[in-house]
Each structure stands twice: as C-alpha cells, then as structure tokens.
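*Asks:* Below is model.txt; it holds compact mmCIF, C-alpha atoms and all ligand atoms.
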# COMPACT_ATOMS: atom_id res chain seq x y z
CA MET H 1 -3.51 -2.99 2.84
CA THR H 2 -5.14 -5.63 0.70
CA ASP H 3 -4.34 -4.38 -2.76
CA SER H 4 -1.27 -5.65 -4.44
CA GLY H 5 0.10 -2.74 -6.42
CA PRO H 6 -0.25 -0.41 -9.36
CA ASP H 7 -0.79 -3.04 -12.02
CA ALA H 8 -2.63 -5.70 -10.07
CA ASP H 9 -5.47 -5.62 -12.58
CA GLY H 10 -3.74 -3.82 -15.40
CA GLU H 11 -3.78 -6.86 -17.68
CA ASP H 12 -7.39 -6.66 -18.68
CA GLU H 13 -7.96 -3.53 -20.74
CA ALA H 14 -11.63 -4.23 -21.32
CA GLN H 15 -12.45 -3.82 -17.63
CA PRO H 16 -14.26 -0.61 -16.74
CA GLU H 17 -12.40 1.56 -14.24
CA LEU H 18 -13.76 3.12 -11.07
CA CYS H 19 -12.89 6.70 -10.27
CA ASP H 20 -10.84 6.58 -7.07
CA LEU H 21 -12.43 9.83 -5.94
CA CYS H 22 -16.14 9.55 -6.65
CA GLY H 23 -16.55 5.91 -7.66
CA THR H 24 -18.01 6.69 -11.07
CA VAL H 25 -17.65 3.79 -13.48
CA VAL H 26 -15.67 4.76 -16.57
CA SER H 27 -16.06 2.23 -19.33
CA ASP H 28 -15.48 4.32 -22.44
CA GLY H 29 -11.74 4.71 -22.01
CA SER H 30 -11.92 8.38 -20.98
CA GLU H 31 -10.38 7.82 -17.55
CA SER H 32 -7.17 9.59 -16.49
CA TYR H 33 -4.28 8.00 -14.64
CA ALA H 34 -1.57 9.35 -12.41
CA LEU H 35 1.21 7.83 -10.37
CA VAL H 36 1.26 9.10 -6.79
CA LYS H 37 3.54 8.49 -3.84
CA ASP H 38 1.96 6.23 -1.24
CA SER H 39 3.94 4.51 1.49
CA SER H 40 1.25 1.84 1.85
CA ALA H 41 1.58 0.82 -1.81
CA ILE H 42 3.70 -2.28 -2.20
CA HIS H 43 4.10 -3.94 -5.56
CA ALA H 44 3.30 -7.65 -5.67
CA VAL H 45 6.73 -8.65 -6.91
CA ASP H 46 8.88 -5.72 -8.00
CA PRO H 47 10.44 -3.54 -5.27
CA ARG H 48 11.17 -0.82 -7.82
CA PHE H 49 7.48 0.06 -7.84
CA ASP H 50 7.09 0.18 -4.06
CA GLY H 51 5.75 3.42 -2.68
CA ALA H 52 3.93 4.37 -5.86
CA ARG H 53 0.26 3.94 -6.53
CA MET H 54 -1.58 4.28 -9.81
CA VAL H 55 -4.76 6.25 -9.28
CA VAL H 56 -7.56 6.51 -11.79
CA ALA H 57 -10.13 9.27 -12.13
CA CYS H 58 -13.20 9.94 -14.24
CA SER H 59 -12.02 13.41 -15.20
CA PRO H 60 -8.90 15.59 -15.13
CA GLU H 61 -10.50 17.58 -12.27
CA HIS H 62 -10.91 14.51 -10.10
CA LEU H 63 -7.43 13.33 -11.02
CA ARG H 64 -6.03 16.63 -9.80
CA GLU H 65 -7.94 16.30 -6.54
CA LEU H 66 -6.63 12.78 -6.03
CA VAL H 67 -3.05 13.82 -6.71
CA GLU H 68 -3.39 16.69 -4.24
CA GLU H 69 -4.92 14.38 -1.65
CA TYR H 70 -2.00 11.97 -1.86
CA ALA H 71 0.48 14.83 -1.84
CA ARG H 72 -0.93 15.94 1.52
CA ARG H 73 -0.62 12.47 3.07
CA PRO H 74 2.51 11.77 5.03
CA PHE H 75 4.83 9.32 3.34
CA VAL H 76 5.77 6.97 6.18
CA GLU H 77 8.99 5.15 5.37
CA ALA H 78 8.49 2.59 8.14
CA GLU H 79 5.16 1.70 6.55
CA LEU H 80 6.91 1.10 3.25
CA TRP H 81 9.52 -1.08 4.96
CA ALA H 82 6.77 -3.01 6.75
CA GLY H 83 5.18 -3.68 3.38
CA LYS H 84 8.46 -4.99 2.02
CA ILE H 85 8.69 -7.37 4.98
CA ASP H 86 5.13 -8.52 4.35
CA ARG H 87 5.90 -9.24 0.71
CA VAL H 88 8.89 -11.39 1.59
CA MET H 89 6.93 -13.23 4.28
CA LEU H 90 4.20 -13.98 1.73
CA GLN H 91 6.82 -15.69 -0.39
CA HIS H 92 7.68 -17.88 2.58
CA PRO H 93 4.24 -19.11 3.72
CA SER H 94 5.77 -21.51 6.21
CA GLY H 95 7.32 -18.56 8.01
CA ALA H 96 10.66 -20.29 7.88
CA ILE H 97 13.08 -17.57 6.91
CA ARG H 98 16.35 -16.63 8.52
CA TYR H 99 17.07 -13.09 9.63
CA SER H 100 19.90 -12.83 7.12
CA GLU H 101 17.58 -13.94 4.32
CA LEU H 102 14.94 -11.47 5.42
CA LEU H 103 17.52 -8.70 5.23
CA GLU H 104 18.69 -9.78 1.82
CA GLU H 105 15.25 -10.32 0.31
CA THR H 106 13.73 -7.11 1.65
CA GLY H 107 16.82 -5.13 0.67
CA LEU H 108 16.54 -3.30 4.00
CA THR H 109 19.22 -2.39 6.48
CA PRO H 110 18.91 -3.86 10.00
CA ASP H 111 17.67 -0.48 11.26
CA GLN H 112 15.04 -0.28 8.54
CA LEU H 113 13.98 -3.85 9.20
CA GLU H 114 13.53 -3.10 12.87
CA ALA H 115 11.58 0.08 12.14
CA GLY H 116 9.36 -1.84 9.74
CA VAL H 117 8.63 -4.55 12.29
CA THR H 118 7.90 -1.91 14.93
CA TRP H 119 5.52 -0.18 12.54
CA LYS H 120 3.74 -3.48 11.88
CA ASN H 121 3.25 -4.03 15.60
CA GLU H 122 1.94 -0.51 16.10
CA ASP H 123 -0.31 -0.91 13.12
CA TYR H 124 -1.72 -4.08 14.65
CA LEU H 125 -2.39 -2.26 17.90
CA ARG H 126 -4.08 0.60 16.04
CA TRP H 127 -6.21 -1.92 14.23
CA ARG H 128 -7.14 -3.62 17.49
CA GLU H 129 -8.04 -0.29 19.01
CA GLN H 130 -10.21 0.66 16.07
CA PHE H 131 -11.95 -2.63 15.38
CA GLY H 132 -11.09 -4.99 18.20
CA GLY H 133 -13.02 -3.51 21.11
CA ASP H 134 -16.50 -2.12 21.50
CA GLY H 135 -15.79 0.53 24.09
CA PRO H 136 -14.08 3.93 23.94
CA GLU H 137 -11.84 2.98 26.83
CA PRO H 138 -8.20 2.70 25.78
CA SER H 139 -6.64 -0.69 26.48
CA SER H 140 -3.41 0.63 27.94
ZN ZN M 201 -14.66 11.06 -10.31
For the file at hand, write its structure as structure tokens.
*Replies:*
Amino acid sequence: MTDSGPDADGEDEAQPELCDLCGTVVSDGSESYALVKDSSAIHAVDPRFDGARMVVACSPEHLRELVEEYARRPFVEAELWAGKIDRVMLQHPSGAIRYSELLEETGLTPDQLEAGVTWKNEDYLRWREQFGGDGPEPSS
C-alpha cells in the first residue's frame, strides 16, 4: 500500500534490482521484468497504469513463478477504486474536495466510489484487527 506504481524508481537505470520472489540483488542487468495485474497497484499520477504492477525477477524461472502467483490472486475492483480515491485525496492534502470533484477526478461512477470507500473502511478494520490489538478476541 506504500509503493507508488510500476515506474516509481524506473528513472535510475544504474540501481541494482531486487528479485521480487527471492530478494536476490541483480546488478548486472540480467533481471527480467513482467507486467502483472494487481488491484492494489495504483500509479502515482496516471490512471491508465492503475491495476498493473511491474515485477522484477533474478531469472526467467522466478519471473514465471511471480507471474503465476499474481495470476492466482483475486483482482478486487473495489480495492482498485479505493486506490484511485486515495490518489485524488493525496492531491488535495487539505481534504477539501467536493463530492462532484471526487467523482470527476477519480473517473469513478457513484456506485464505484461508494464501493471504494466501503473497501477502504473494511481495509482499515482488517488492519486494526491484525495490528491494532494484542488479543485473539474479535472486536465485534
Ligand atoms: Zn529470484
């Protein structure tokens, strides 16, 4: 949830890459890349790249494993919409944005917007459940 998209650090070609599967550092340019579908991937500025993540691997074998791993993950549209809402909110740090502007800037329909907000709330509750308490007892 903290990374900002496929090309967040794509500017600097001299940087060694880390294999997304095993963490091996690849600094000799032999890494492989693939674009995978990921509903938690939101591009920093360009909505056209939302839902796609660039993965990097140390070898074609690891790249294949990564691609298969992402292919098995559910693509949650509400998560994607929530990410679009987050991006727009980041561009309005004061939080002052009208509903109509939020619709226009996210490019979502009212239904999608609502689903995205609901997903964000549920995500917050999941987060609280996982990290917020120190007991196994459910809060509700
Ligand atoms: Zn690897």
*Asks:* To one decimal place in Å, what is the distance between atom CA of Val36 of chain H and atom CA of Thr24 of chain H?
*Replies:*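 Separation between atom CA of Val36 of chain H and atom CA of Thr24 of chain H: 19.9 Å.
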*Asks:* Give the answer as one residue: which of H:Ala52, H:Leu102, H:Cys58, H:Leu18 has the shortest atom-to-atom distance to ligand ZN 201 (chain M), using only C-alpha atoms and all ligand atoms?
*Replies:*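 Of H:Ala52, H:Leu102, H:Cys58, H:Leu18, the one nearest ligand ZN 201 (chain M), counting only C-alpha atoms and all ligand atoms, is H:Cys58.
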*Asks:* Can you pull out every residue with an atom within 7 Å of ligand ZN 201 (chain M)? Use all atoms listed in the file and format it as a PyMOL selection string.
*Replies:* chain H and resi 19-24+57-59+62
*Asks:* Name the closest residue to Asp123 of chain H among the candidates H:Ala82, H:Asp111, H:Thr106, H:Gly95; distances are taken between atoms, counting only C-alpha atoms.
*Replies:*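 Among the listed residues, H:Ala82 lies closest to Asp123 of chain H.
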*Asks:* Residues within 10 Å of Arg87 of chain H, please, as a PyMOL selection string. Count all atoms listed in the file; anything in the same chain fewer than 4 positions from it doesn't count.
*Replies:* chain H and resi 4+42-47+81-83+91-92+105-106
*Asks:* State, in Å with one decimal place, the distance from atom CA of Ser40 of chain H to atom CA of Glu101 of chain H.
*Replies:*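 Between atom CA of Ser40 of chain H and atom CA of Glu101 of chain H the gap works out to 22.8 Å.
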*Asks:* Using only C-alpha atoms, pick whichever of H:Ala96, H:Val26, H:Met54, H:Leu113 has the shortest atom-to-atom distance to Tyr70 of chain H.
*Replies:*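 Counting only C-alpha atoms, the residue closest to Tyr70 of chain H is H:Met54.
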*Asks:* So how far away is atom CA of Leu66 of chain H from atom CA of Gln15 of chain H, in Å?
*Replies:*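 The value is 21.1 Å.
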*Asks:* Nearest residue to Glu17 of chain H out of H:Asn121, H:Leu35, H:Arg98, H:Val56, using only C-alpha atoms?
*Replies:*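 Nearest candidate to Glu17 of chain H out of H:Asn121, H:Leu35, H:Arg98, H:Val56: H:Val56.
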*Asks:* Report as a short mmCIF file (atom, residue, chain, number, x, y, z; two decimals) with C-alpha atoms, in the frame of the given file all protein, DNA and RNA residues lying within 10 Å of Leu103 of chain H, evaluated on only C-alpha atoms, omitting residues in the same chain fewer than 3 positions from it.
*Replies:*
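around.cif written:
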data_model
loop_
_atom_site.label_atom_id
_atom_site.label_comp_id
_atom_site.auth_asym_id
_atom_site.auth_seq_id
_atom_site.Cartn_x
_atom_site.Cartn_y
_atom_site.Cartn_z
CA ILE H 85 8.69 -7.37 4.98
CA VAL H 88 8.89 -11.39 1.59
CA ARG H 98 16.35 -16.63 8.52
CA TYR H 99 17.07 -13.09 9.63
CA SER H 100 19.90 -12.83 7.12
CA THR H 106 13.73 -7.11 1.65
CA GLY H 107 16.82 -5.13 0.67
CA LEU H 108 16.54 -3.30 4.00
CA THR H 109 19.22 -2.39 6.48
CA PRO H 110 18.91 -3.86 10.00
CA GLN H 112 15.04 -0.28 8.54
CA LEU H 113 13.98 -3.85 9.20
#
*Asks:* Identify which of the residues H:Pro93, H:Pro16, H:Pro74, H:Gly132 lies closest to Gly51 of chain H, counting only C-alpha atoms when measuring atom-to-atom distances.
*Replies:*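 Among the listed residues, H:Pro74 lies closest to Gly51 of chain H.
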